[in-house]
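**Q** Below you'll find entry23.txt; it's compact mmCIF, N, CA and C atoms.
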```txt
# COMPACT_ATOMS: atom_id res chain seq x y z
N MET P 1486 0.83 -1.19 0.00
CA MET P 1486 0.00 0.00 0.00
C MET P 1486 0.87 1.25 0.00
N SER P 1487 0.38 2.27 -0.66
CA SER P 1487 1.11 3.53 -0.62
C SER P 1487 0.92 4.16 0.75
N SER P 1488 1.85 5.04 1.11
CA SER P 1488 1.80 5.63 2.44
C SER P 1488 0.78 6.76 2.54
N GLY P 1489 0.34 7.30 1.41
CA GLY P 1489 -0.57 8.43 1.43
C GLY P 1489 -2.02 8.02 1.61
N LEU P 1490 -2.79 8.96 2.10
CA LEU P 1490 -4.22 8.78 2.25
C LEU P 1490 -4.91 9.70 1.27
N ASN P 1491 -5.67 9.14 0.35
CA ASN P 1491 -6.41 9.94 -0.61
C ASN P 1491 -7.76 10.29 0.00
N LYS P 1492 -8.11 11.59 -0.01
CA LYS P 1492 -9.37 12.04 0.57
C LYS P 1492 -10.26 12.61 -0.53
N TYR P 1493 -11.53 12.23 -0.47
CA TYR P 1493 -12.51 12.71 -1.44
C TYR P 1493 -13.77 13.12 -0.71
N LYS P 1494 -14.36 14.24 -1.15
CA LYS P 1494 -15.63 14.70 -0.60
C LYS P 1494 -16.71 14.46 -1.65
N LEU P 1495 -17.79 13.83 -1.22
CA LEU P 1495 -18.93 13.58 -2.09
C LEU P 1495 -20.14 14.28 -1.49
N VAL P 1496 -20.72 15.21 -2.23
CA VAL P 1496 -21.88 15.95 -1.76
C VAL P 1496 -23.09 15.46 -2.55
N PHE P 1497 -24.11 15.02 -1.84
CA PHE P 1497 -25.33 14.52 -2.46
C PHE P 1497 -26.36 15.64 -2.45
N LEU P 1498 -26.72 16.12 -3.65
CA LEU P 1498 -27.69 17.20 -3.82
C LEU P 1498 -28.88 16.67 -4.59
N GLY P 1499 -30.05 17.20 -4.31
CA GLY P 1499 -31.22 16.80 -5.06
C GLY P 1499 -32.49 17.19 -4.34
N GLU P 1500 -33.59 16.97 -5.02
CA GLU P 1500 -34.89 17.28 -4.44
C GLU P 1500 -35.15 16.41 -3.21
N GLN P 1501 -36.11 16.84 -2.42
CA GLN P 1501 -36.49 16.11 -1.21
C GLN P 1501 -37.11 14.76 -1.58
N ALA P 1502 -36.79 13.74 -0.79
CA ALA P 1502 -37.40 12.40 -0.88
C ALA P 1502 -37.06 11.66 -2.18
N VAL P 1503 -35.84 11.85 -2.71
CA VAL P 1503 -35.44 11.12 -3.92
C VAL P 1503 -34.49 9.96 -3.63
N GLY P 1504 -33.99 9.85 -2.38
CA GLY P 1504 -33.16 8.70 -2.03
C GLY P 1504 -31.71 8.98 -1.71
N LYS P 1505 -31.35 10.24 -1.51
CA LYS P 1505 -29.95 10.57 -1.19
C LYS P 1505 -29.48 9.86 0.07
N THR P 1506 -30.26 9.96 1.14
CA THR P 1506 -29.90 9.33 2.40
C THR P 1506 -29.89 7.81 2.27
N SER P 1507 -30.82 7.26 1.51
CA SER P 1507 -30.88 5.80 1.31
C SER P 1507 -29.63 5.28 0.61
N ILE P 1508 -29.15 6.00 -0.38
CA ILE P 1508 -27.93 5.60 -1.08
C ILE P 1508 -26.74 5.61 -0.12
N ILE P 1509 -26.63 6.67 0.67
CA ILE P 1509 -25.52 6.77 1.62
C ILE P 1509 -25.60 5.68 2.67
N THR P 1510 -26.79 5.45 3.21
CA THR P 1510 -26.97 4.41 4.24
C THR P 1510 -26.63 3.04 3.69
N ARG P 1511 -27.03 2.76 2.48
CA ARG P 1511 -26.73 1.47 1.86
C ARG P 1511 -25.22 1.30 1.70
N PHE P 1512 -24.55 2.33 1.25
CA PHE P 1512 -23.10 2.26 1.06
C PHE P 1512 -22.36 2.12 2.39
N MET P 1513 -22.76 2.88 3.39
CA MET P 1513 -22.05 2.89 4.68
C MET P 1513 -22.31 1.64 5.51
N TYR P 1514 -23.57 1.21 5.57
CA TYR P 1514 -23.96 0.16 6.52
C TYR P 1514 -24.56 -1.08 5.87
N ASP P 1515 -24.70 -1.07 4.54
CA ASP P 1515 -25.30 -2.18 3.80
C ASP P 1515 -26.70 -2.52 4.32
N THR P 1516 -27.47 -1.47 4.63
CA THR P 1516 -28.85 -1.64 5.08
C THR P 1516 -29.75 -0.70 4.30
N PHE P 1517 -31.05 -0.95 4.40
CA PHE P 1517 -32.04 -0.07 3.80
C PHE P 1517 -33.18 0.11 4.79
N ASP P 1518 -33.55 1.35 5.06
CA ASP P 1518 -34.66 1.66 5.96
C ASP P 1518 -35.78 2.27 5.14
N SER P 1519 -36.91 1.60 5.09
CA SER P 1519 -38.02 2.08 4.26
C SER P 1519 -38.81 3.21 4.93
N ASN P 1520 -38.51 3.52 6.17
CA ASN P 1520 -39.19 4.63 6.86
C ASN P 1520 -38.50 5.94 6.50
N TYR P 1521 -39.26 6.85 5.89
CA TYR P 1521 -38.71 8.12 5.44
C TYR P 1521 -38.54 9.09 6.61
N GLN P 1522 -37.36 9.67 6.74
CA GLN P 1522 -37.09 10.75 7.68
C GLN P 1522 -36.30 11.81 6.94
N ALA P 1523 -36.85 13.00 6.88
CA ALA P 1523 -36.18 14.08 6.16
C ALA P 1523 -34.88 14.48 6.84
N THR P 1524 -33.86 14.77 6.03
CA THR P 1524 -32.60 15.28 6.55
C THR P 1524 -32.77 16.76 6.84
N ILE P 1525 -32.40 17.17 8.04
CA ILE P 1525 -32.46 18.58 8.42
C ILE P 1525 -31.04 19.14 8.33
N GLY P 1526 -30.86 20.15 7.48
CA GLY P 1526 -29.52 20.72 7.31
C GLY P 1526 -28.64 19.78 6.51
N ILE P 1527 -27.48 19.42 7.07
CA ILE P 1527 -26.53 18.54 6.40
C ILE P 1527 -26.06 17.47 7.38
N ASP P 1528 -26.03 16.23 6.93
CA ASP P 1528 -25.43 15.14 7.70
C ASP P 1528 -24.08 14.81 7.07
N PHE P 1529 -23.13 14.44 7.90
CA PHE P 1529 -21.77 14.15 7.43
C PHE P 1529 -21.36 12.78 7.93
N LEU P 1530 -20.84 11.95 7.03
CA LEU P 1530 -20.30 10.65 7.40
C LEU P 1530 -18.96 10.47 6.71
N SER P 1531 -18.11 9.66 7.30
CA SER P 1531 -16.79 9.40 6.74
C SER P 1531 -16.54 7.90 6.73
N LYS P 1532 -15.95 7.42 5.66
CA LYS P 1532 -15.63 6.00 5.55
C LYS P 1532 -14.23 5.85 4.97
N THR P 1533 -13.40 5.06 5.63
CA THR P 1533 -12.07 4.76 5.13
C THR P 1533 -12.10 3.39 4.46
N MET P 1534 -11.59 3.34 3.24
CA MET P 1534 -11.58 2.10 2.47
C MET P 1534 -10.14 1.73 2.15
N TYR P 1535 -9.85 0.47 2.28
CA TYR P 1535 -8.51 -0.03 1.98
C TYR P 1535 -8.58 -0.80 0.66
N LEU P 1536 -8.04 -0.20 -0.38
CA LEU P 1536 -8.05 -0.82 -1.70
C LEU P 1536 -6.72 -1.54 -1.91
N GLU P 1537 -6.56 -2.16 -3.05
CA GLU P 1537 -5.36 -2.97 -3.31
C GLU P 1537 -4.06 -2.21 -3.07
N ASP P 1538 -3.98 -1.00 -3.59
CA ASP P 1538 -2.70 -0.28 -3.53
C ASP P 1538 -2.78 1.08 -2.83
N ARG P 1539 -3.91 1.39 -2.19
CA ARG P 1539 -4.02 2.69 -1.54
C ARG P 1539 -5.15 2.69 -0.51
N THR P 1540 -5.11 3.70 0.33
CA THR P 1540 -6.16 3.92 1.32
C THR P 1540 -6.93 5.17 0.92
N VAL P 1541 -8.25 5.08 0.95
CA VAL P 1541 -9.10 6.18 0.52
C VAL P 1541 -10.06 6.53 1.65
N ARG P 1542 -10.18 7.82 1.95
CA ARG P 1542 -11.19 8.27 2.90
C ARG P 1542 -12.24 9.07 2.14
N LEU P 1543 -13.47 8.61 2.23
CA LEU P 1543 -14.58 9.30 1.60
C LEU P 1543 -15.34 10.09 2.65
N GLN P 1544 -15.59 11.35 2.36
CA GLN P 1544 -16.42 12.18 3.21
C GLN P 1544 -17.74 12.38 2.47
N LEU P 1545 -18.81 11.88 3.05
CA LEU P 1545 -20.12 11.91 2.41
C LEU P 1545 -20.98 12.98 3.08
N TRP P 1546 -21.45 13.93 2.29
CA TRP P 1546 -22.27 15.02 2.78
C TRP P 1546 -23.68 14.82 2.24
N ASP P 1547 -24.63 14.64 3.15
CA ASP P 1547 -26.03 14.40 2.81
C ASP P 1547 -26.81 15.67 3.09
N THR P 1548 -27.34 16.29 2.04
CA THR P 1548 -28.01 17.58 2.19
C THR P 1548 -29.51 17.41 2.36
N GLY P 1549 -30.09 18.31 3.13
CA GLY P 1549 -31.53 18.37 3.30
C GLY P 1549 -32.15 19.24 2.23
N LYS P 1550 -33.45 19.46 2.36
CA LYS P 1550 -34.16 20.20 1.33
C LYS P 1550 -33.76 21.67 1.25
N ASP P 1551 -33.21 22.22 2.32
CA ASP P 1551 -32.85 23.64 2.35
C ASP P 1551 -31.38 23.89 2.09
N TYR P 1552 -30.70 22.98 1.40
CA TYR P 1552 -29.26 23.11 1.20
C TYR P 1552 -28.87 24.40 0.50
N GLY P 1553 -29.72 24.93 -0.35
CA GLY P 1553 -29.40 26.15 -1.08
C GLY P 1553 -29.33 27.38 -0.19
N ARG P 1554 -29.99 27.33 0.95
CA ARG P 1554 -30.03 28.48 1.85
C ARG P 1554 -28.99 28.42 2.96
N ILE P 1555 -28.24 27.31 3.06
CA ILE P 1555 -27.28 27.19 4.15
C ILE P 1555 -25.84 27.28 3.68
N GLY P 1556 -25.63 27.68 2.44
CA GLY P 1556 -24.28 27.96 1.96
C GLY P 1556 -23.44 26.74 1.66
N VAL P 1557 -24.01 25.79 0.95
CA VAL P 1557 -23.23 24.60 0.55
C VAL P 1557 -22.24 25.03 -0.50
```
Can you present the structure in this file as structure tokens?
**A**
Amino acid sequence: MSSGLNKYKLVFLGEQAVGKTSIITRFMYDTFDSNYQATIGIDFLSKTMYLEDRTVRLQLWDTGKDYGRIGV
């Protein structure tokens, strides 16, 4: 493995109730929750992945319906 850590930020933008949180939850925890709960503001999660030749840290930003007004 290389000694460096590659960092990437992924921001999920879109209309309310289209599945942004569901995609993130599936990727992070390999689960799906069919009960809808709106994201208020922004949720932040981080996941470190160890690939064949490098380590990658993904920062996942899950935006709520008012993301345009909070300065994303």
**Q** Could you give me, as JSON, numbers by chain, each residue of region 1509-1549 of chain P that DSSP assigns to alpha helix (DSSP H) when run on this structure's backbone?
**A** {"P": [1509, 1510, 1511, 1512, 1513, 1514]}
**Q** Could the residues in this selection be saved with N, CA and C atoms as a PDB file, in the coordinates of the input?
**A**
```pdb
ATOM      1  N   ILE P1509     -26.630   6.670   0.670  1.00  0.00           N
ATOM      2  CA  ILE P1509     -25.520   6.770   1.620  1.00  0.00           C
ATOM      3  C   ILE P1509     -25.600   5.680   2.670  1.00  0.00           C
ATOM      4  N   THR P1510     -26.790   5.450   3.210  1.00  0.00           N
ATOM      5  CA  THR P1510     -26.970   4.410   4.240  1.00  0.00           C
ATOM      6  C   THR P1510     -26.630   3.040   3.690  1.00  0.00           C
ATOM      7  N   ARG P1511     -27.030   2.760   2.480  1.00  0.00           N
ATOM      8  CA  ARG P1511     -26.730   1.470   1.860  1.00  0.00           C
ATOM      9  C   ARG P1511     -25.220   1.300   1.700  1.00  0.00           C
ATOM     10  N   PHE P1512     -24.550   2.330   1.250  1.00  0.00           N
ATOM     11  CA  PHE P1512     -23.100   2.260   1.060  1.00  0.00           C
ATOM     12  C   PHE P1512     -22.360   2.120   2.390  1.00  0.00           C
ATOM     13  N   MET P1513     -22.760   2.880   3.390  1.00  0.00           N
ATOM     14  CA  MET P1513     -22.050   2.890   4.680  1.00  0.00           C
ATOM     15  C   MET P1513     -22.310   1.640   5.510  1.00  0.00           C
ATOM     16  N   TYR P1514     -23.570   1.210   5.570  1.00  0.00           N
ATOM     17  CA  TYR P1514     -23.960   0.160   6.520  1.00  0.00           C
ATOM     18  C   TYR P1514     -24.560  -1.080   5.870  1.00  0.00           C
TER      19      TYR P1514
END
```
**Q** By how many Å are atom C of Leu1536 (chain P) and CA of Met1513 (chain P) apart?
**A**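 About the pair atom C of Leu1536 (chain P) and CA of Met1513 (chain P): they are 17.3 Å apart.
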**Q** Do you have the atom C of Gly1526 (chain P)-CA of Asp1547 (chain P) distance handy?
**A** 7.0 Å
**Q** What lies within 8 Å of Gly1489 (chain P) using only N, CA and C atoms, ignoring chain neighbours under 3 positions off, as a list in words?
**A**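 Selected residues are Met1486, Lys1492, Arg1539, Thr1540 and Val1541 of chain P.
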**Q** For the residues in the current selection, export N, CA and C atoms as a CSV table (one decimal), in the coordinates of the input.
**A**
```csv
chain,number,residue,atom,x,y,z
P,1486,MET,N,0.8,-1.2,0.0
P,1486,MET,CA,0.0,0.0,0.0
P,1486,MET,C,0.9,1.2,0.0
P,1492,LYS,N,-8.1,11.6,0.0
P,1492,LYS,CA,-9.4,12.0,0.6
P,1492,LYS,C,-10.3,12.6,-0.5
P,1539,ARG,N,-3.9,1.4,-2.2
P,1539,ARG,CA,-4.0,2.7,-1.5
P,1539,ARG,C,-5.2,2.7,-0.5
P,1540,THR,N,-5.1,3.7,0.3
P,1540,THR,CA,-6.2,3.9,1.3
P,1540,THR,C,-6.9,5.2,0.9
P,1541,VAL,N,-8.2,5.1,1.0
P,1541,VAL,CA,-9.1,6.2,0.5
P,1541,VAL,C,-10.1,6.5,1.6
```
**Q** At what distance in Å, to one decimal, does atom N of Gly1549 (chain P) lie from CA of Ile1525 (chain P)?
**A**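 Between CA of Ile1525 (chain P) and atom N of Gly1549 (chain P) the gap is 5.8 Å.
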**Q** Just the residues within 12 Å of Thr1524 (chain P), please, counting only C-alpha atoms, with nothing from its chain fewer than 3 positions along; format it as number ranges by chain.
**A** P: 1497-1507, 1521, 1527-1529, 1546-1552
**Q** Which protein, DNA or RNA residues are at most 8 Å from (-19.4, 4.7, 3.9) in the file's coordinates when you count only C-alpha atoms, listed as a ChimeraX atom specification?
**A** /P:1509-1510,1512-1514,1530-1533,1543,1545
**Q** So for region 1492-1500 of chain P, what box centre and size do we get, axis-aligned, 6 Å extra on each of the six sides, every listed atom, Å to one decimal, as JSON?
**A**
```
{"center_x": -21.6, "center_y": 14.4, "center_z": -2.2, "size_x": 39.0, "size_y": 17.7, "size_z": 17.6}
```
**Q** Between P:Gln1522, P:Asp1515, P:Gln1544, P:Glu1537, single out the one closest to Val1496 (chain P), counting only N, CA and C atoms.
**A**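 Selected residue with least distance to Val1496 (chain P): P:Gln1544.
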**Q** Using DSSP on the backbone coordinates, identify the residues of chain P assigned to strand (DSSP E or B); present them as a list in words.
**A** Leu1490, Asn1491, Lys1492, Tyr1493, Lys1494, Leu1495, Val1496, Phe1497, Ile1527, Asp1528, Phe1529, Leu1530, Ser1531, Lys1532, Thr1533, Met1534, Tyr1535, Thr1540, Val1541, Arg1542, Leu1543, Gln1544, Leu1545, Trp1546, Asp1547 and Thr1548 of chain P
**Q** Next, the residues of the selection above should be written as a PDB file, in the coordinates of the input with N, CA and C atoms.
**A**
```pdb
ATOM      1  N   LEU P1490      -2.790   8.960   2.100  1.00  0.00           N
ATOM      2  CA  LEU P1490      -4.220   8.780   2.250  1.00  0.00           C
ATOM      3  C   LEU P1490      -4.910   9.700   1.270  1.00  0.00           C
ATOM      4  N   ASN P1491      -5.670   9.140   0.350  1.00  0.00           N
ATOM      5  CA  ASN P1491      -6.410   9.940  -0.610  1.00  0.00           C
ATOM      6  C   ASN P1491      -7.760  10.290   0.000  1.00  0.00           C
ATOM      7  N   LYS P1492      -8.110  11.590  -0.010  1.00  0.00           N
ATOM      8  CA  LYS P1492      -9.370  12.040   0.570  1.00  0.00           C
ATOM      9  C   LYS P1492     -10.260  12.610  -0.530  1.00  0.00           C
ATOM     10  N   TYR P1493     -11.530  12.230  -0.470  1.00  0.00           N
ATOM     11  CA  TYR P1493     -12.510  12.710  -1.440  1.00  0.00           C
ATOM     12  C   TYR P1493     -13.770  13.120  -0.710  1.00  0.00           C
ATOM     13  N   LYS P1494     -14.360  14.240  -1.150  1.00  0.00           N
ATOM     14  CA  LYS P1494     -15.630  14.700  -0.600  1.00  0.00           C
ATOM     15  C   LYS P1494     -16.710  14.460  -1.650  1.00  0.00           C
ATOM     16  N   LEU P1495     -17.790  13.830  -1.220  1.00  0.00           N
ATOM     17  CA  LEU P1495     -18.930  13.580  -2.090  1.00  0.00           C
ATOM     18  C   LEU P1495     -20.140  14.280  -1.490  1.00  0.00           C
ATOM     19  N   VAL P1496     -20.720  15.210  -2.230  1.00  0.00           N
ATOM     20  CA  VAL P1496     -21.880  15.950  -1.760  1.00  0.00           C
ATOM     21  C   VAL P1496     -23.090  15.460  -2.550  1.00  0.00           C
ATOM     22  N   PHE P1497     -24.110  15.020  -1.840  1.00  0.00           N
ATOM     23  CA  PHE P1497     -25.330  14.520  -2.460  1.00  0.00           C
ATOM     24  C   PHE P1497     -26.360  15.640  -2.450  1.00  0.00           C
ATOM     25  N   ILE P1527     -27.480  19.420   7.070  1.00  0.00           N
ATOM     26  CA  ILE P1527     -26.530  18.540   6.400  1.00  0.00           C
ATOM     27  C   ILE P1527     -26.060  17.470   7.380  1.00  0.00           C
ATOM     28  N   ASP P1528     -26.030  16.230   6.930  1.00  0.00           N
ATOM     29  CA  ASP P1528     -25.430  15.140   7.700  1.00  0.00           C
ATOM     30  C   ASP P1528     -24.080  14.810   7.070  1.00  0.00           C
ATOM     31  N   PHE P1529     -23.130  14.440   7.900  1.00  0.00           N
ATOM     32  CA  PHE P1529     -21.770  14.150   7.430  1.00  0.00           C
ATOM     33  C   PHE P1529     -21.360  12.780   7.930  1.00  0.00           C
ATOM     34  N   LEU P1530     -20.840  11.950   7.030  1.00  0.00           N
ATOM     35  CA  LEU P1530     -20.300  10.650   7.400  1.00  0.00           C
ATOM     36  C   LEU P1530     -18.960  10.470   6.710  1.00  0.00           C
ATOM     37  N   SER P1531     -18.110   9.660   7.300  1.00  0.00           N
ATOM     38  CA  SER P1531     -16.790   9.400   6.740  1.00  0.00           C
ATOM     39  C   SER P1531     -16.540   7.900   6.730  1.00  0.00           C
ATOM     40  N   LYS P1532     -15.950   7.420   5.660  1.00  0.00           N
ATOM     41  CA  LYS P1532     -15.630   6.000   5.550  1.00  0.00           C
ATOM     42  C   LYS P1532     -14.230   5.850   4.970  1.00  0.00           C
ATOM     43  N   THR P1533     -13.400   5.060   5.630  1.00  0.00           N
ATOM     44  CA  THR P1533     -12.070   4.760   5.130  1.00  0.00           C
ATOM     45  C   THR P1533     -12.100   3.390   4.460  1.00  0.00           C
ATOM     46  N   MET P1534     -11.590   3.340   3.240  1.00  0.00           N
ATOM     47  CA  MET P1534     -11.580   2.100   2.470  1.00  0.00           C
ATOM     48  C   MET P1534     -10.140   1.730   2.150  1.00  0.00           C
ATOM     49  N   TYR P1535      -9.850   0.470   2.280  1.00  0.00           N
ATOM     50  CA  TYR P1535      -8.510  -0.030   1.980  1.00  0.00           C
ATOM     51  C   TYR P1535      -8.580  -0.800   0.660  1.00  0.00           C
ATOM     52  N   THR P1540      -5.110   3.700   0.330  1.00  0.00           N
ATOM     53  CA  THR P1540      -6.160   3.920   1.320  1.00  0.00           C
ATOM     54  C   THR P1540      -6.930   5.170   0.920  1.00  0.00           C
ATOM     55  N   VAL P1541      -8.250   5.080   0.950  1.00  0.00           N
ATOM     56  CA  VAL P1541      -9.100   6.180   0.520  1.00  0.00           C
ATOM     57  C   VAL P1541     -10.060   6.530   1.650  1.00  0.00           C
ATOM     58  N   ARG P1542     -10.180   7.820   1.950  1.00  0.00           N
ATOM     59  CA  ARG P1542     -11.190   8.270   2.900  1.00  0.00           C
ATOM     60  C   ARG P1542     -12.240   9.070   2.140  1.00  0.00           C
ATOM     61  N   LEU P1543     -13.470   8.610   2.230  1.00  0.00           N
ATOM     62  CA  LEU P1543     -14.580   9.300   1.600  1.00  0.00           C
ATOM     63  C   LEU P1543     -15.340  10.090   2.650  1.00  0.00           C
ATOM     64  N   GLN P1544     -15.590  11.350   2.360  1.00  0.00           N
ATOM     65  CA  GLN P1544     -16.420  12.180   3.210  1.00  0.00           C
ATOM     66  C   GLN P1544     -17.740  12.380   2.470  1.00  0.00           C
ATOM     67  N   LEU P1545     -18.810  11.880   3.050  1.00  0.00           N
ATOM     68  CA  LEU P1545     -20.120  11.910   2.410  1.00  0.00           C
ATOM     69  C   LEU P1545     -20.980  12.980   3.080  1.00  0.00           C
ATOM     70  N   TRP P1546     -21.450  13.930   2.290  1.00  0.00           N
ATOM     71  CA  TRP P1546     -22.270  15.020   2.780  1.00  0.00           C
ATOM     72  C   TRP P1546     -23.680  14.820   2.240  1.00  0.00           C
ATOM     73  N   ASP P1547     -24.630  14.640   3.150  1.00  0.00           N
ATOM     74  CA  ASP P1547     -26.030  14.400   2.810  1.00  0.00           C
ATOM     75  C   ASP P1547     -26.810  15.670   3.090  1.00  0.00           C
ATOM     76  N   THR P1548     -27.340  16.290   2.040  1.00  0.00           N
ATOM     77  CA  THR P1548     -28.010  17.580   2.190  1.00  0.00           C
ATOM     78  C   THR P1548     -29.510  17.410   2.360  1.00  0.00           C
TER      79      THR P1548
END
```
